[in-house]
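Following: one structure in C-alpha cells, then a few remarks.
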Amino acid sequence: MCRDLATEVEKLLLQPSAYVRKKAVLTAVHMIRKAPELSDIFLPPCAQLLHEHHHGILLGTITLITELCERSPAALKHFRKMVPQLVHILRTVVTTGYSKEHSISGVSDPFLQVQILRLLRILGRNHEESSETMNDLLAQVATNTDTSRNAGNAVLFETVLTIMDIRSAAGLRVLAVNILGRFLLNTDRNIRYVALTSLLRLVQSDHSAVQRHRPTVVECLREPDGSLSRRALELSLALVNSSNVQAMIQELQGFLESCPPDLQADCASGILLAAERFAPTKRWHIDTTLRVLTTAGTHVRDDAVASLTQLIGGAQELHAYSVRRLYSALAEDISQQPLVQAATWCIGEYGDLLLEGSCEETEPLQVEEEEVLALLERVLQSHMSLPATRGYALTALVKLSTRLRGDNRIRQVVSIYRSCLDVELQQRAVEYNTLFQKYDHMRAAILEKIPLVERGGSQVDEEAKESKETAQLSEAAPVPTEPQASKLLDLLDLLDGPSGDAQHPRPLDPTPGSALIHLLNLPCAPPPPAPIPNLKVFEREGLQLDLSFVRPPGTPTLLLITVTATNTSGGDVTHFICQAAVPKSFQLQLQAPSGDTVPAQGGLPMTQLLRILNPKKAPLRLKLRLTYNHFGQSVQEIFEVNNLPVEAWQ
Amino acid sequence: MQFMLLFSRQGKLRLQKWYVPLSDKEKKKITRELVQTVLARKPKMCSFLEWRDLKIVYKRYASLYFCCAIEDQDNELITLEIIHRYVELLDKYFGSVCELDIIFNFEKAYFILDEFLLGGEVQETSKKNVLKAIEQADLLQEFQKLL
C-alpha cells in the first residue's frame, strides 16, 4: 500500500495548504519506515521543505530527514551538505525571542530544537567537517538555555548527547560533562536519572571526567527510588578502578545490605568481579568475598564458590586466617549455601590449622575438635543444605579424619550415611567407608591437601559425573594425585587406567582382564631379528618368565614383546593367565597366548605377544600380573618389570 | 513514540493510542502489565522506568496517569514536555479539564491527540494551530448536523 500511495503523498507535499503538507510529511516518515526503498522518492523534496517557516512542517521535515539518514548512508552523505543550513535554522529558533505560540517557559520551540539537535547528532557522527560546523552553535545552546524548567533541561540534555556523539572539541566535551555533573546535583529526580544514564554511556570514552563525579554517583546509591539506584549501581561498578577500589567496594557492600532483592544479584556479582580485577591484597579479596557471601549468599553467581576456593588454595600464608574466618561465619549461620560450601571445603582442607591455636590476624579462637565435627554434622543433617553442600560436608569430614586425632566419630557418621536415601551421598559414604576399612593404610596419602587447581581447568568432579543428582555448582574437584605421590598410588594409577581418579579406589579384586587388555586379532608381522637383549623377569618354583623385545624398523614407536613362560619344576602349571598394564600414554595390545598350560619338566613353553605403541617415546614401564595353578595351589603374582633395556623405548 | 495510555488510579483505561501494529491480545497484555507496574510506583519516584526494551515515561495529573512508551534513542525529558503539552491542549479545549470530561468526550480527546501527534511524532508545535484545527473540525460537525 505504501508503494502505491507514495507518489500521491509526494504530490501532497507540494500542496498549498500547510495543514495538508504537515500531515503529508509525517505520512512520508512512516512510509520510509515501512518501505525503505521509497527514500528515493522523498529525498528531493526535503531540500525545498527545509525552507518552510511553518514550524510543524519544519519539524516533520527534520523527522523525515532523520529517518532517511538512519536508513541509507547515501542519504546521509547527501544531507551532510545541509548541515550549515540546519545550523542556521537552529540558531534562528534559539535566538528568536519569546513567541507566544511556540515557547515553553522561556525556551522557544523545544520540540523543534530537540529534533534538529538529534539530526545534527546523526550527521556529525564520525564526520570531522560537520562536527566543526556545529561546535559554535552547540556551545551557544549549551550556555544560553534556561535550565530552570524541564523544557530547558530537555534541550540541554539533547545538546549534551549530541556533543558526546560527534567529534567535538575537547573544551566542548568538558562542558558537556560539567552539565551532566550539574544535572546530578539537581533535586529533580528525573534529571538525575537522565544524568546517570548519560554518564553510563560516557564512562567508556571519558573515564577520568566521569570519575570526578564519583562521590555524587555514590550518593545516588542511597536513593529509595528503584530506577535511580539501579542506574547508580551500574555506574558505580563501571567507575571502580585500582585507586578507589577499597572505598567503592565499601560503599557497594553497604548498598548490598540494604538494596531490594532484584538488585542484589547484580550487586553481588559486580562486587566480586571488581574485587577480582582490582584486589590490592589477597587477604582483602578473601575478606570481601566472605562479606558478600554472608550478606547476599543466595544471590551470588554459581562460580563464586569455585573462585573462592581457588583463591584460598593459592594463598598459602592465609590458610589459617581464612579457615578461622570461615569457621566463625559458618558457626553463626548455615543457611547460605555458597558460604557453607566454601567453609566446609576450607575446614576439610585446613582443619588442622584451625585447631592449632592462635593466628595473629584474628582474635584468638579456641576451637575444639568436637565443635568442628559437631558443626559439620549439623550441616550434613540440616534440611536447608543442598545435596551438593552435604556432599561437601561429608568429604570434609573424611578429610578431617587424617588431620584430627580421633576419628571414631567420623567413622560412625560415615557409616550412618551408607544407607542414606540420597544416592550421591550414599555412594560417597560407601566409598569412604571402604577407605576406612580396607584401605586404611592409603588413607593418609589419598586425603593429602589438594594441590592448586588450574583456573579454568576441568573443575567438574569425577563424582559429580557419576552422581545421579545434577550438582548445581561445580565443585573444586579433588585432582588426581600428582606424580610425586607415593609409588603405591602410581601403580594404582596404572591399573586404574580408565577412571584415573585415585580418590575413589575401586576394589582391587581381579577383574577379568577385558578392561585392561585389548585382545585384538592383528596379523602379526614376523618380528625381524633385533639386538635388544632378553630379560628374565620372574622366577618362582621352577616357573620362569622371560621377555624378549623387538623393535620393527619401519615403525619407531612400536615395540613387540614376547613373553615366554617355561616350567622346569615337577608340576604342571595350569590356567596360566598373563595380564599386562602400561602407563596411560602407551597403547597396549595383547595377543592370544599359545596356550594356558606350561607342562612340567621343561615342556613346551607358552608364549604370548604384547604390542606396545609408544607415541611419546616415554620411558616404558610395564607391570605384569600372573595367575595360575601350580602344585595344586592357585597363585597370583603382580610385579613391575624393572631394568627394562633402554633401547626398548628410545 | 510507540504508544500512549491514559488510566485512572484504579487502573481503568481511559485512552489508548497505539503507534505500532500489535494484535489485540498483545495490547491487552501490555496494558495490564504496564498499568500494574506504573501504579506500583511510589509518589516520589522518578518518572522514567525501563520496561521490556522500551523506556516508559509517565506523569500523574490529578487522578489520571499519562503513560508513554518511547524508544531507546528518544529524549525522555522532551516526552515529559509532550505529555504536558497534551494536557494543556485538553485544558484549553475543555476549559479546566477533569477526568469526567475525558470519559464523556473521549472522541474529542482522541481528535486533539491526533492533531498534536501523528504516527508517534509531534506534528504541530504551536498550541494555537492545534486548537484552530479542532475548532474547524467542530464547525464542520455542527454544519453537518444542521444540514
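Labels for the C-alpha cells follow display order: chains A, B, ..., residues from 1 in each chain, ligands from 1.
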Practice prompt. Give me the residues within 6 Å of region 121-135 of chain A as a VMD selection string, counting only C-alpha atoms and dropping any in the same chain fewer than 6 places off.
Written response: chain A and resid 80 162 166 to 167
For C-alpha atoms, I'd like the residues from the last selection saved as a PDB file, in the first residue's frame.
ATOM      1  CA  ARG A  80      25.674  16.384   5.290  1.00  0.00           C
ATOM      2  CA  THR A 162      24.941  15.416  20.606  1.00  0.00           C
ATOM      3  CA  ILE A 166      30.084  13.871  17.382  1.00  0.00           C
ATOM      4  CA  ARG A 167      33.744  14.695  17.005  1.00  0.00           C
TER       5      ARG A 167
END
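Backbone DSSP of region 31-105 of chain B yields strand (DSSP E) at Phe48, Leu49, Glu50, Trp51, Leu54, Lys55, Ile56, Val57, Tyr58, Lys59, Arg60, Tyr61, Leu64, Tyr65, Phe66, Cys67, Cys68, Ala69 and Ile70 of chain B.
Within 6 Å of chain A, and counting only C-alpha atoms, chain B contributes Met45, Cys46, Leu77, Ile78, Gln123, Glu124, Thr125 and Ser126 of chain B.
Put simply, CA of Trp51 (chain B) is 25.4 Å away from CA of Ala296 (chain A).
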Practice prompt. Could you give me, as a list in words, the residues within 9 Å of region 76-79 of chain A, counting only C-alpha atoms and dropping anything in the same chain fewer than 3 positions from it?
Written response: Ala47, Ile65, Thr66, Leu68, Cys69, Glu70, Arg71, Ser72, Pro73, Met82, Val83, Ile122 and Leu123 of chain A
Fill in: Glu368 (chain A) surroundings by only C-alpha atoms, 7 Å radius, close-in-sequence under 3 positions cut, as a PyMOL selection string
chain A and resi 355+371-372
Mind writing the picked residues with N, CA, C and O atoms as a PDB file, in the first residue's frame?
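part_39.pdb written:
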ATOM      1  N   LEU A 355      42.687 -25.893  64.470  1.00  0.00           N
ATOM      2  CA  LEU A 355      42.773 -26.323  65.855  1.00  0.00           C
ATOM      3  C   LEU A 355      44.084 -25.942  66.507  1.00  0.00           C
ATOM      4  O   LEU A 355      44.249 -26.034  67.699  1.00  0.00           O
ATOM      5  N   GLU A 371      33.791 -29.570  68.504  1.00  0.00           N
ATOM      6  CA  GLU A 371      32.946 -28.492  67.950  1.00  0.00           C
ATOM      7  C   GLU A 371      32.947 -28.534  66.434  1.00  0.00           C
ATOM      8  O   GLU A 371      31.902 -28.397  65.795  1.00  0.00           O
ATOM      9  N   VAL A 372      34.144 -28.733  65.910  1.00  0.00           N
ATOM     10  CA  VAL A 372      34.243 -28.746  64.443  1.00  0.00           C
ATOM     11  C   VAL A 372      33.411 -29.872  63.874  1.00  0.00           C
ATOM     12  O   VAL A 372      32.627 -29.707  62.926  1.00  0.00           O
TER      13      VAL A 372
END
Worksheet entry | Long-range neighbours of Ile134 (chain B) as a count of residues only, 9 Å cut-off, only C-alpha atoms, 2 positions minimum in chain | 13
